[in-house]
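target_10.pdb (PDB, C-alpha atoms)
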ATOM      1  CA  MET P   1      -2.764  -9.510  -0.649
ATOM      2  CA  THR P   2       0.927  -9.692  -1.493
ATOM      3  CA  LYS P   3       1.828  -6.514  -3.369
ATOM      4  CA  ASP P   4       5.319  -7.605  -4.417
ATOM      5  CA  VAL P   5       4.066  -9.869  -7.209
ATOM      6  CA  VAL P   6       6.238 -12.188  -9.273
ATOM      7  CA  TYR P   7       4.859 -12.326 -12.825
ATOM      8  CA  VAL P   8       5.959 -13.310 -16.338
ATOM      9  CA  LYS P   9       5.290 -12.193 -19.900
ATOM     10  CA  PRO P  10       3.579 -14.475 -22.461
ATOM     11  CA  ASP P  11       6.736 -14.806 -24.568
ATOM     12  CA  ARG P  12       8.740 -16.444 -21.787
ATOM     13  CA  THR P  13       9.390 -20.179 -22.139
ATOM     14  CA  VAL P  14       7.871 -22.693 -19.767
ATOM     15  CA  ALA P  15      11.406 -23.706 -18.786
ATOM     16  CA  GLN P  16      12.127 -20.128 -17.661
ATOM     17  CA  VAL P  17       8.970 -20.121 -15.540
ATOM     18  CA  LYS P  18       9.980 -23.440 -13.986
ATOM     19  CA  GLU P  19      13.253 -21.858 -12.874
ATOM     20  CA  ILE P  20      11.478 -18.771 -11.497
ATOM     21  CA  LEU P  21       9.123 -20.943  -9.439
ATOM     22  CA  ARG P  22      12.074 -22.927  -8.111
ATOM     23  CA  LEU P  23      14.063 -19.851  -7.104
ATOM     24  CA  LYS P  24      11.110 -18.009  -5.582
ATOM     25  CA  ARG P  25       9.668 -21.176  -3.999
ATOM     26  CA  ILE P  26       6.184 -20.482  -5.291
ATOM     27  CA  SER P  27       3.751 -22.661  -7.222
ATOM     28  CA  GLY P  28       2.333 -20.287  -9.828
ATOM     29  CA  VAL P  29       2.561 -16.816 -11.374
ATOM     30  CA  PRO P  30       0.265 -14.453 -13.278
ATOM     31  CA  VAL P  31       1.031 -13.700 -16.915
ATOM     32  CA  VAL P  32       0.729 -10.044 -17.960
ATOM     33  CA  ASP P  33       0.972  -8.193 -21.254
ATOM     34  CA  ASP P  34       2.967  -5.021 -21.952
ATOM     35  CA  THR P  35       0.254  -2.880 -20.340
ATOM     36  CA  ASN P  36       0.419  -4.903 -17.092
ATOM     37  CA  ARG P  37      -3.015  -6.414 -17.706
ATOM     38  CA  VAL P  38      -3.504 -10.027 -16.611
ATOM     39  CA  VAL P  39      -3.852 -12.315 -19.638
ATOM     40  CA  GLY P  40      -3.217 -15.667 -18.023
ATOM     41  CA  ILE P  41      -1.789 -17.678 -15.163
ATOM     42  CA  ILE P  42       0.670 -20.578 -15.196
ATOM     43  CA  SER P  43       1.154 -23.011 -12.336
ATOM     44  CA  ILE P  44       3.315 -25.948 -11.383
ATOM     45  CA  GLU P  45       0.559 -28.243 -12.678
ATOM     46  CA  ASP P  46       0.909 -26.708 -16.156
ATOM     47  CA  ILE P  47       4.672 -27.172 -16.017
ATOM     48  CA  ILE P  48       4.325 -30.828 -15.055
ATOM     49  CA  LYS P  49       2.127 -31.366 -18.117
ATOM     50  CA  CYS P  50       4.767 -29.670 -20.291
ATOM     51  CA  LEU P  51       7.451 -31.923 -18.820
ATOM     52  CA  GLU P  52       5.373 -34.950 -19.690
ATOM     53  CA  ASN P  53       4.750 -33.710 -23.235
ATOM     54  CA  GLY P  54       8.247 -32.410 -23.962
ATOM     55  CA  ALA P  55       7.004 -28.828 -24.259
ATOM     56  CA  LEU P  56       9.297 -27.084 -21.766
ATOM     57  CA  TYR P  57      10.788 -24.754 -24.382
ATOM     58  CA  GLU P  58       7.494 -23.616 -25.823
ATOM     59  CA  ARG P  59       6.059 -20.211 -24.990
ATOM     60  CA  VAL P  60       4.026 -19.572 -21.855
ATOM     61  CA  SER P  61       1.178 -18.206 -23.987
ATOM     62  CA  GLU P  62       0.622 -21.701 -25.408
ATOM     63  CA  HIS P  63       0.212 -23.412 -22.033
ATOM     64  CA  MET P  64      -1.130 -20.830 -19.572
ATOM     65  CA  THR P  65      -4.714 -20.752 -18.320
ATOM     66  CA  LYS P  66      -6.309 -17.887 -20.217
ATOM     67  CA  ASN P  67      -9.695 -17.497 -18.548
ATOM     68  CA  VAL P  68      -8.293 -16.070 -15.340
ATOM     69  CA  ILE P  69     -10.523 -15.253 -12.395
ATOM     70  CA  CYS P  70      -9.201 -12.096 -10.774
ATOM     71  CA  LEU P  71     -10.111 -10.281  -7.582
ATOM     72  CA  ASN P  72     -10.624  -6.559  -7.178
ATOM     73  CA  GLU P  73      -8.643  -4.654  -4.568
ATOM     74  CA  ASP P  74     -11.911  -3.925  -2.713
ATOM     75  CA  THR P  75     -12.947  -7.591  -2.485
ATOM     76  CA  THR P  76     -13.631  -8.548   1.135
ATOM     77  CA  LEU P  77     -11.859 -11.348   2.976
ATOM     78  CA  GLN P  78     -15.152 -13.219   3.196
ATOM     79  CA  ASP P  79     -15.594 -13.157  -0.588
ATOM     80  CA  VAL P  80     -11.981 -14.208  -1.146
ATOM     81  CA  ILE P  81     -12.538 -17.280   1.017
ATOM     82  CA  LYS P  82     -15.661 -18.095  -1.005
ATOM     83  CA  HIS P  83     -13.570 -17.922  -4.201
ATOM     84  CA  PHE P  84     -11.074 -20.432  -2.795
ATOM     85  CA  GLU P  85     -13.896 -22.764  -1.756
ATOM     86  CA  ARG P  86     -15.686 -22.496  -5.115
ATOM     87  CA  TYR P  87     -12.809 -22.713  -7.586
ATOM     88  CA  ARG P  88     -10.190 -24.657  -5.604
ATOM     89  CA  TYR P  89      -7.374 -22.580  -7.097
ATOM     90  CA  GLY P  90      -4.163 -21.919  -5.225
ATOM     91  CA  ARG P  91      -4.009 -18.209  -5.977
ATOM     92  CA  PHE P  92      -5.961 -15.287  -7.405
ATOM     93  CA  PRO P  93      -4.416 -12.220  -9.086
ATOM     94  CA  VAL P  94      -5.702  -8.868  -7.789
ATOM     95  CA  VAL P  95      -6.331  -6.079 -10.295
ATOM     96  CA  ASP P  96      -7.343  -2.439 -10.120
ATOM     97  CA  ASN P  97     -10.322  -0.918 -11.946
ATOM     98  CA  ASN P  98      -8.283  -0.817 -15.163
ATOM     99  CA  GLY P  99      -7.482  -4.514 -14.990
ATOM    100  CA  SER P 100      -3.808  -3.927 -14.135
ATOM    101  CA  LEU P 101      -2.067  -6.357 -11.804
ATOM    102  CA  ILE P 102      -1.513  -4.893  -8.325
ATOM    103  CA  GLY P 103      -1.267  -7.973  -6.109
ATOM    104  CA  ILE P 104      -1.898 -11.654  -5.577
ATOM    105  CA  VAL P 105      -3.730 -13.602  -2.870
ATOM    106  CA  THR P 106      -2.742 -17.144  -1.919
ATOM    107  CA  LYS P 107      -4.125 -19.561   0.637
ATOM    108  CA  ASN P 108      -1.219 -18.692   2.913
ATOM    109  CA  ASP P 109      -2.231 -15.011   2.800
ATOM    110  CA  ILE P 110      -5.751 -16.016   3.857
ATOM    111  CA  LEU P 111      -4.491 -18.166   6.725
ATOM    112  CA  ALA P 112      -2.320 -15.284   7.930
ATOM    113  CA  ALA P 113      -5.227 -12.828   7.720
ATOM    114  CA  VAL P 114      -7.588 -15.151   9.591
ATOM    115  CA  ALA P 115      -4.936 -15.788  12.242
ATOM    116  CA  THR P 116      -4.534 -12.063  12.751
ATOM    117  CA  ARG P 117      -8.302 -11.538  13.066
ATOM    118  CA  LEU P 118      -8.455 -14.254  15.702
ATOM    119  CA  GLY P 119      -5.594 -12.692  17.620
ATOM    120  CA  LEU P 120      -3.329 -15.667  17.071
ATOM    121  CA  LEU P 121      -0.553 -13.470  15.713
ATOM    122  CA  TYR P 122       0.630 -16.105  13.237
ATOM    123  CA  LEU P 123       1.716 -18.302  16.146
ATOM    124  CA  HIS P 124       0.177 -21.217  17.977
ATOM    125  CA  ASP P 125      -0.618 -20.485  21.623
ATOM    126  CA  GLU P 126       2.118 -22.857  22.776
ATOM    127  CA  ARG P 127       4.724 -20.818  20.930
ATOM    128  CA  ARG P 128       3.416 -17.561  22.386
ATOM    129  CA  LYS P 129       4.667 -18.697  25.790
ATOM    130  CA  GLU P 130       8.168 -18.331  24.395
ATOM    131  CA  VAL P 131       7.437 -15.193  22.433
ATOM    132  CA  LEU P 132      10.243 -13.070  23.805
ATOM    133  CA  ASP P 133      13.006 -15.640  24.179
ATOM    134  CA  GLU P 134      16.328 -15.091  22.436
ATOM    135  CA  ASP P 135      15.437 -17.278  19.450
ATOM    136  CA  ILE P 136      12.361 -15.206  18.572
ATOM    137  CA  LEU P 137      14.106 -11.919  19.308
ATOM    138  CA  ASN P 138      16.785 -12.745  16.757
ATOM    139  CA  ARG P 139      14.449 -13.793  13.954
ATOM    140  CA  SER P 140      12.271 -11.810  11.621
ATOM    141  CA  LEU P 141       8.635 -12.036  12.656
ATOM    142  CA  VAL P 142       7.542 -11.764   9.026
ATOM    143  CA  THR P 143       9.923 -14.173   7.289
ATOM    144  CA  GLY P 144      11.271 -16.255  10.177
ATOM    145  CA  GLU P 145      14.808 -15.639   8.948
ATOM    146  CA  GLU P 146      17.641 -14.811  11.337
ATOM    147  CA  ILE P 147      18.379 -11.097  11.639
ATOM    148  CA  ASP P 148      21.471  -9.294  12.866
ATOM    149  CA  LYS P 149      20.166  -6.407  14.932
ATOM    150  CA  LYS P 150      23.707  -5.204  15.530
ATOM    151  CA  GLY P 151      23.963  -4.740  11.780
ATOM    152  CA  ALA P 152      20.808  -2.618  11.508
ATOM    153  CA  ASP P 153      21.074   0.288   9.073
ATOM    154  CA  PHE P 154      19.393   2.565  11.626
ATOM    155  CA  TYR P 155      19.053   2.293  15.414
ATOM    156  CA  PHE P 156      17.361   4.467  18.030
ATOM    157  CA  LYS P 157      16.826   3.933  21.751
ATOM    158  CA  ILE P 158      13.433   5.179  22.905
ATOM    159  CA  ASP P 159      13.276   7.249  26.118
ATOM    160  CA  TYR P 160       9.951   6.509  27.798
ATOM    161  CA  PHE P 161      10.273   8.984  30.686
ATOM    162  CA  ASP P 162       8.893  12.002  28.824
ATOM    163  CA  VAL P 163       5.831  11.633  26.601
ATOM    164  CA  ASN P 164       6.763  14.864  24.866
ATOM    165  CA  LEU P 165       9.805  13.094  23.408
ATOM    166  CA  ALA P 166       7.606  10.590  21.571
ATOM    167  CA  GLY P 167       8.389  10.794  17.882
ATOM    168  CA  VAL P 168      12.043  11.804  18.109
ATOM    169  CA  GLY P 169      13.132   8.395  16.826
ATOM    170  CA  ALA P 170      10.648   8.485  13.950
ATOM    171  CA  ALA P 171      11.887  11.949  12.990
ATOM    172  CA  GLN P 172      15.500  10.777  12.958
ATOM    173  CA  LEU P 173      14.551   7.717  10.911
ATOM    174  CA  LYS P 174      12.780   9.997   8.447
ATOM    175  CA  LYS P 175      15.949  12.072   7.987
ATOM    176  CA  PHE P 176      17.991   8.901   7.570
ATOM    177  CA  LEU P 177      15.712   7.525   4.850
ATOM    178  CA  ILE P 178      15.722  10.849   3.005
ATOM    179  CA  SER P 179      19.532  10.803   3.079
ATOM    180  CA  LYS P 180      19.403   7.342   1.475
ATOM    181  CA  GLY P 181      17.305   8.620  -1.428
ATOM    182  CA  VAL P 182      14.078   6.848  -0.457
ATOM    183  CA  LEU P 183      11.012   8.266  -2.206
ATOM    184  CA  ASP P 184       9.004  10.817  -0.220
ATOM    185  CA  SER P 185       5.846   8.665  -0.378
ATOM    186  CA  ASP P 186       7.680   5.707   1.174
ATOM    187  CA  VAL P 187       9.425   7.905   3.741
ATOM    188  CA  ARG P 188       6.059   9.248   4.872
ATOM    189  CA  ARG P 189       4.552   5.769   5.314
ATOM    190  CA  VAL P 190       7.526   4.561   7.328
ATOM    191  CA  ALA P 191       7.645   7.721   9.445
ATOM    192  CA  VAL P 192       3.936   7.629  10.329
ATOM    193  CA  ALA P 193       3.942   3.932  11.257
ATOM    194  CA  THR P 194       7.182   4.259  13.253
ATOM    195  CA  TYR P 195       5.848   7.316  15.079
ATOM    196  CA  GLU P 196       2.791   5.322  16.173
ATOM    197  CA  ALA P 197       4.937   2.403  17.324
ATOM    198  CA  GLU P 198       7.331   4.688  19.206
ATOM    199  CA  THR P 199       4.450   6.534  20.876
ATOM    200  CA  ASN P 200       2.963   3.216  22.005
ATOM    201  CA  VAL P 201       6.234   2.376  23.741
ATOM    202  CA  VAL P 202       6.370   5.754  25.498
ATOM    203  CA  ILE P 203       2.719   5.727  26.594
ATOM    204  CA  HIS P 204       2.046   2.103  27.417
ATOM    205  CA  SER P 205       5.199   0.059  28.015
ATOM    206  CA  GLY P 206       6.717   1.554  31.150
ATOM    207  CA  SER P 207      10.106   0.587  29.771
ATOM    208  CA  GLU P 208      12.715   1.714  27.301
ATOM    209  CA  GLY P 209      12.339   0.607  23.721
ATOM    210  CA  GLU P 210      14.403   0.206  20.584
ATOM    211  CA  ILE P 211      13.858   0.994  16.907
ATOM    212  CA  PHE P 212      15.728  -1.031  14.291
ATOM    213  CA  CYS P 213      15.553  -0.361  10.565
ATOM    214  CA  PHE P 214      16.889  -2.645   7.837
ATOM    215  CA  LEU P 215      17.157  -1.591   4.192
ATOM    216  CA  THR P 216      17.054  -4.019   1.267
ATOM    217  CA  PRO P 217      16.830  -3.268  -2.468
ATOM    218  CA  ASP P 218      13.025  -3.629  -2.517
ATOM    219  CA  ARG P 219      11.809  -3.072   1.022
ATOM    220  CA  ILE P 220      12.264  -1.326   4.360
ATOM    221  CA  ILE P 221      11.841  -3.344   7.545
ATOM    222  CA  VAL P 222      11.195  -1.514  10.819
ATOM    223  CA  ARG P 223      11.231  -3.404  14.103
ATOM    224  CA  VAL P 224      10.228  -1.794  17.418
ATOM    225  CA  GLU P 225      10.769  -3.661  20.686
ATOM    226  CA  ASP P 226      10.190  -3.063  24.378
ATOM    227  CA  LYS P 227      10.267  -5.229  27.502
ATOM    228  CA  GLY P 228       7.423  -3.518  29.303
ATOM    229  CA  LYS P 229       3.844  -4.260  30.318
ATOM    230  CA  GLY P 230       2.829  -5.995  27.106
ATOM    231  CA  ILE P 231      -0.605  -6.054  25.457
ATOM    232  CA  GLU P 232      -3.348  -8.108  27.086
ATOM    233  CA  SER P 233      -5.515  -8.334  23.944
ATOM    234  CA  ILE P 234      -4.139  -7.657  20.480
ATOM    235  CA  GLU P 235      -7.654  -8.015  19.071
ATOM    236  CA  LEU P 236      -8.926  -5.124  21.220
ATOM    237  CA  ALA P 237      -5.801  -3.043  20.611
ATOM    238  CA  MET P 238      -6.338  -3.342  16.849
ATOM    239  CA  LYS P 239      -9.768  -1.705  17.112
ATOM    240  CA  GLU P 240      -9.741   1.970  16.191
ATOM    241  CA  GLY P 241     -10.425   4.156  19.215
ATOM    242  CA  TYR P 242      -9.626   1.513  21.838
ATOM    243  CA  SER P 243      -7.067   2.887  24.277
ATOM    244  CA  THR P 244      -5.717   2.206  27.757
ATOM    245  CA  ALA P 245      -3.830   5.514  27.936
ATOM    246  CA  PRO P 246      -4.255   7.430  31.233
ATOM    247  CA  ASP P 247      -6.147  10.731  31.309
ATOM    248  CA  TYR P 248      -3.054  12.916  31.586
ATOM    249  CA  VAL P 249      -1.683  11.386  28.389
ATOM    250  CA  ARG P 250      -4.968  11.992  26.575
ATOM    251  CA  GLU P 251      -4.914  15.615  27.725
ATOM    252  CA  LEU P 252      -1.564  15.988  25.953
ATOM    253  CA  GLY P 253      -3.149  14.806  22.697
ATOM    254  CA  PHE P 254      -1.885  11.211  22.752
ATOM    255  CA  GLY P 255      -3.566   7.874  23.336
ATOM    256  CA  ALA P 256      -6.435   8.150  20.856
ATOM    257  CA  GLY P 257      -6.388   4.425  20.174
ATOM    258  CA  MET P 258      -5.099   4.656  16.590
ATOM    259  CA  GLY P 259      -1.570   3.341  17.126
ATOM    260  CA  LEU P 260      -1.767  -0.271  15.928
ATOM    261  CA  PRO P 261      -4.474   0.440  13.310
ATOM    262  CA  ASN P 262      -2.300   3.167  11.761
ATOM    263  CA  MET P 263       0.789   0.961  11.882
ATOM    264  CA  LYS P 264      -1.114  -1.684   9.948
ATOM    265  CA  ARG P 265      -2.666   0.862   7.572
ATOM    266  CA  PHE P 266       0.635   2.432   6.496
ATOM    267  CA  SER P 267       2.736  -0.752   6.275
ATOM    268  CA  ASP P 268       2.456  -3.541   3.693
ATOM    269  CA  LYS P 269       2.910  -6.324   6.226
ATOM    270  CA  MET P 270       2.867  -6.228  10.009
ATOM    271  CA  VAL P 271       3.278  -8.763  12.786
ATOM    272  CA  VAL P 272       2.914  -7.912  16.478
ATOM    273  CA  LEU P 273       3.889 -10.315  19.248
ATOM    274  CA  SER P 274       3.108  -9.629  22.878
ATOM    275  CA  GLU P 275       2.352 -11.259  26.172
ATOM    276  CA  LYS P 276       1.279  -9.572  29.368
ATOM    277  CA  GLY P 277       4.319  -8.557  31.392
ATOM    278  CA  LYS P 278       6.783  -9.544  28.661
ATOM    279  CA  GLY P 279       6.779  -6.577  26.326
ATOM    280  CA  VAL P 280       5.960  -6.090  22.680
ATOM    281  CA  VAL P 281       7.776  -6.790  19.432
ATOM    282  CA  ALA P 282       6.309  -5.146  16.336
ATOM    283  CA  GLU P 283       7.747  -5.661  12.860
ATOM    284  CA  MET P 284       6.578  -3.781   9.777
ATOM    285  CA  VAL P 285       7.531  -4.257   6.136
ATOM    286  CA  PHE P 286       7.259  -1.491   3.540
ATOM    287  CA  TYR P 287       7.756  -2.352  -0.129
ATOM    288  CA  THR P 288       9.548   0.524  -1.809
ATOM    289  CA  ASN P 289       8.932   2.192  -5.135
ATOM    290  CA  LYS P 290      11.870   2.715  -7.430
ATOM    291  CA  LYS P 291      13.060   6.167  -8.508
TER     292      LYS P 291
END
As a first step, turn the structure in this file into structure tokens.
Amino acid sequence: MTKDVVYVKPDRTVAQVKEILRLKRISGVPVVDDTNRVVGIISIEDIIKCLENGALYERVSEHMTKNVICLNEDTTLQDVIKHFERYRYGRFPVVDNNGSLIGIVTKNDILAAVATRLGLLYLHDERRKEVLDEDILNRSLVTGEEIDKKGADFYFKIDYFDVNLAGVGAAQLKKFLISKGVLDSDVRRVAVATYEAETNVVIHSGSEGEIFCFLTPDRIIVRVEDKGKGIESIELAMKEGYSTAPDYVRELGFGAGMGLPNMKRFSDKMVVLSEKGKGVVAEMVFYTNKK
């Protein structure tokens, strides 16, 4: 699900919602009350009807769909797909056990999840052949937008010659985030995921790597790159306990096969691109809580 949810209150006008949808480039939003409970949903179809009827400046509460079908945070991907097939809606709000809004699932989220499960990595096979060209290396894997790595807020070059140095970059990033006033809970998530990514470079790549961190008002983006051996099967690498680490690395306490699973577990969004012999690019997004 997408955790960074755009929502509106019932007393907003339909015209205000129309502008929000235009700016955010989305086609619908949940409507929540003052306790953050979902009381409705309003979509572009509802707005079109209001345009036709001259009701743009009426309240959202008068035109929203009130009988909203919500998903629970524990709903499985299989059941989510069944909901889309049965109801033909474009999105489903996700609520916790108290009925409070905590996320939203769209058809695009489902396509991304299915692509990941199939090992397609959000890219068609033809594009994977060019995975590490300059165009891809200078674009965000998550958003597709151009990024300026020279303008990263934090940078660290990973030394792969000594496995005992694995984690130095993550530790420095942790100190940097603390100095920027990031909440401890967010710092911990970023540090754990970055440590796993850095360790993967040291153990598996056979090459130097780089850590880039970009800060925005609502998220932290960490990107870890190397130009080493690459990953033959992302699907296998995502399985907990699967590891190709040599025995001497395991004896040192590394290589337990939890790297990519932990990176995914502690980040809000993650994309990994790799091809055998052409290295790995991993990008993780962490939505931040406000102090």
message = What does the structure give for the distance between CA of Leu51 (chain P) and CA of Thr13 (chain P), in Å to one decimal?
response = 12.4 Å
task = Evaluate the PyMOL selection byres ((chain P and resi 18) around 12) here and jot the selected residues down as number ranges by chain.
result = P: 8, 12-17, 19-29, 42-51, 55-57, 60
key: Expected residue set, 10 Å radius at (-0.7, -4.1, 10.0), only C-alpha atoms, as a ChimeraX atom specification   = /P:116,193,238,260-272,282-285
inquiry  = For a test of reading the model, state the distance in Å between CA of Lys276 (chain P) and CA of Ile231 (chain P), rounded to one decimal.
reply    =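 Taking CA of Lys276 (chain P) as the start and CA of Ile231 (chain P) as the end point, the length is 5.6 Å.
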message = the PyMOL selection byres ((chain P and resi 30-41) around 9) - which residues does that actually catch in the file I just gave you? List them as a PyMOL selection string.
response = chain P and resi 5-10+28-29+42-43+60-61+64-68+70+92-93+95+98-102+104
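Between CA of Gly103 (chain P) and CA of Arg188 (chain P) the separation is 21.7 Å.
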key: Best match for closeness to Asn108 (chain P) among P:Arg219, P:Phe286, P:Val281, P:Met1, counting all atoms listed in the file   =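 Selected residue with least distance to Asn108 (chain P): P:Met1.
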ask   = Which residue gives the smallest distance to Ser207 (chain P) among P:Lys174, P:Arg223, P:Lys278, P:Lys150, with only C-alpha atoms counted?
value =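 Ranking P:Lys174, P:Arg223, P:Lys278, P:Lys150 by distance to Ser207 (chain P), first place goes to P:Lys278.
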remark   = Of P:Asn97, P:Phe84, P:Glu52, P:Gln172, the one nearest to Asn72 (chain P) when counting only C-alpha atoms is P:Asn97
ask   = Between P:Thr75, P:Ala197, P:Val94, P:Gly181, which is the closest to Asp4 (chain P) once you count all atoms listed in the file?
value =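 For Asp4 (chain P), the nearest of the given residues is P:Val94.
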request  = Counting only C-alpha atoms, figure out which residue out of P:Lys82, P:Lys3, P:Arg59, P:Lys157 gets nearest to Asp109 (chain P).
outcome  =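 Result for the nearest residue to Asp109 (chain P): P:Lys3.
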Is it possible to get the axis-aligned box enclosing region 172-177 of chain P (all listed atoms, 5 Å extra per side) as AutoDock Vina command-line options, with centre and edge lengths in Å rounded to one decimal?
--center_x 15.4 --center_y 9.8 --center_z 8.9 --size_x 15.2 --size_y 14.5 --size_z 18.1
ask   = Between P:Gly151, P:Gly169, P:Glu210, P:Asp96, which is the closest to Val192 (chain P) once you count only C-alpha atoms?
value = P:Gly169
inquiry  = Report as a ChimeraX atom specification all protein, DNA and RNA residues lying within 12 Å of Lys175 (chain P), evaluated on only C-alpha atoms, omitting residues in the same chain fewer than 6 positions from it.
reply    = /P:154,168-169,181-184,187-188,190-191
query = Can you list, as a list in words, the residues that the PyMOL selection byres ((chain P and resi 90) around 6) selects here?
reply = Tyr89, Arg91 and Thr106 of chain P
Can you patch up region 190-204 of chain P, filling it in to N, CA and C atoms, and show the result as a compact mmCIF listing (two decimals), in the frame of the given file?
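Contents of the output file out-v5.txt:
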# COMPACT_ATOMS: atom_id res chain seq x y z
N VAL P 190 6.66 5.10 6.28
CA VAL P 190 7.53 4.56 7.33
C VAL P 190 7.51 5.47 8.56
N ALA P 191 7.59 6.77 8.34
CA ALA P 191 7.64 7.72 9.44
C ALA P 191 6.37 7.69 10.28
N VAL P 192 5.22 7.64 9.61
CA VAL P 192 3.94 7.63 10.33
C VAL P 192 3.81 6.35 11.16
N ALA P 193 4.08 5.20 10.55
CA ALA P 193 3.94 3.93 11.26
C ALA P 193 4.93 3.83 12.42
N THR P 194 6.17 4.31 12.20
CA THR P 194 7.18 4.26 13.25
C THR P 194 6.83 5.21 14.39
N TYR P 195 6.29 6.37 14.04
CA TYR P 195 5.85 7.32 15.08
C TYR P 195 4.80 6.67 15.98
N GLU P 196 3.84 5.98 15.39
CA GLU P 196 2.79 5.32 16.17
C GLU P 196 3.39 4.25 17.08
N ALA P 197 4.31 3.46 16.53
CA ALA P 197 4.94 2.40 17.32
C ALA P 197 5.76 2.99 18.47
N GLU P 198 6.50 4.05 18.18
CA GLU P 198 7.33 4.69 19.21
C GLU P 198 6.45 5.29 20.30
N THR P 199 5.37 5.94 19.90
CA THR P 199 4.45 6.53 20.88
C THR P 199 3.83 5.47 21.77
N ASN P 200 3.50 4.32 21.20
CA ASN P 200 2.96 3.22 22.00
C ASN P 200 3.94 2.79 23.09
N VAL P 201 5.23 2.74 22.75
CA VAL P 201 6.23 2.38 23.74
C VAL P 201 6.26 3.40 24.87
N VAL P 202 6.27 4.69 24.50
CA VAL P 202 6.37 5.75 25.50
C VAL P 202 5.14 5.78 26.41
N ILE P 203 3.96 5.60 25.82
CA ILE P 203 2.72 5.73 26.59
C ILE P 203 2.42 4.48 27.42
N HIS P 204 2.60 3.32 26.82
CA HIS P 204 2.05 2.10 27.42
C HIS P 204 3.05 1.16 28.06
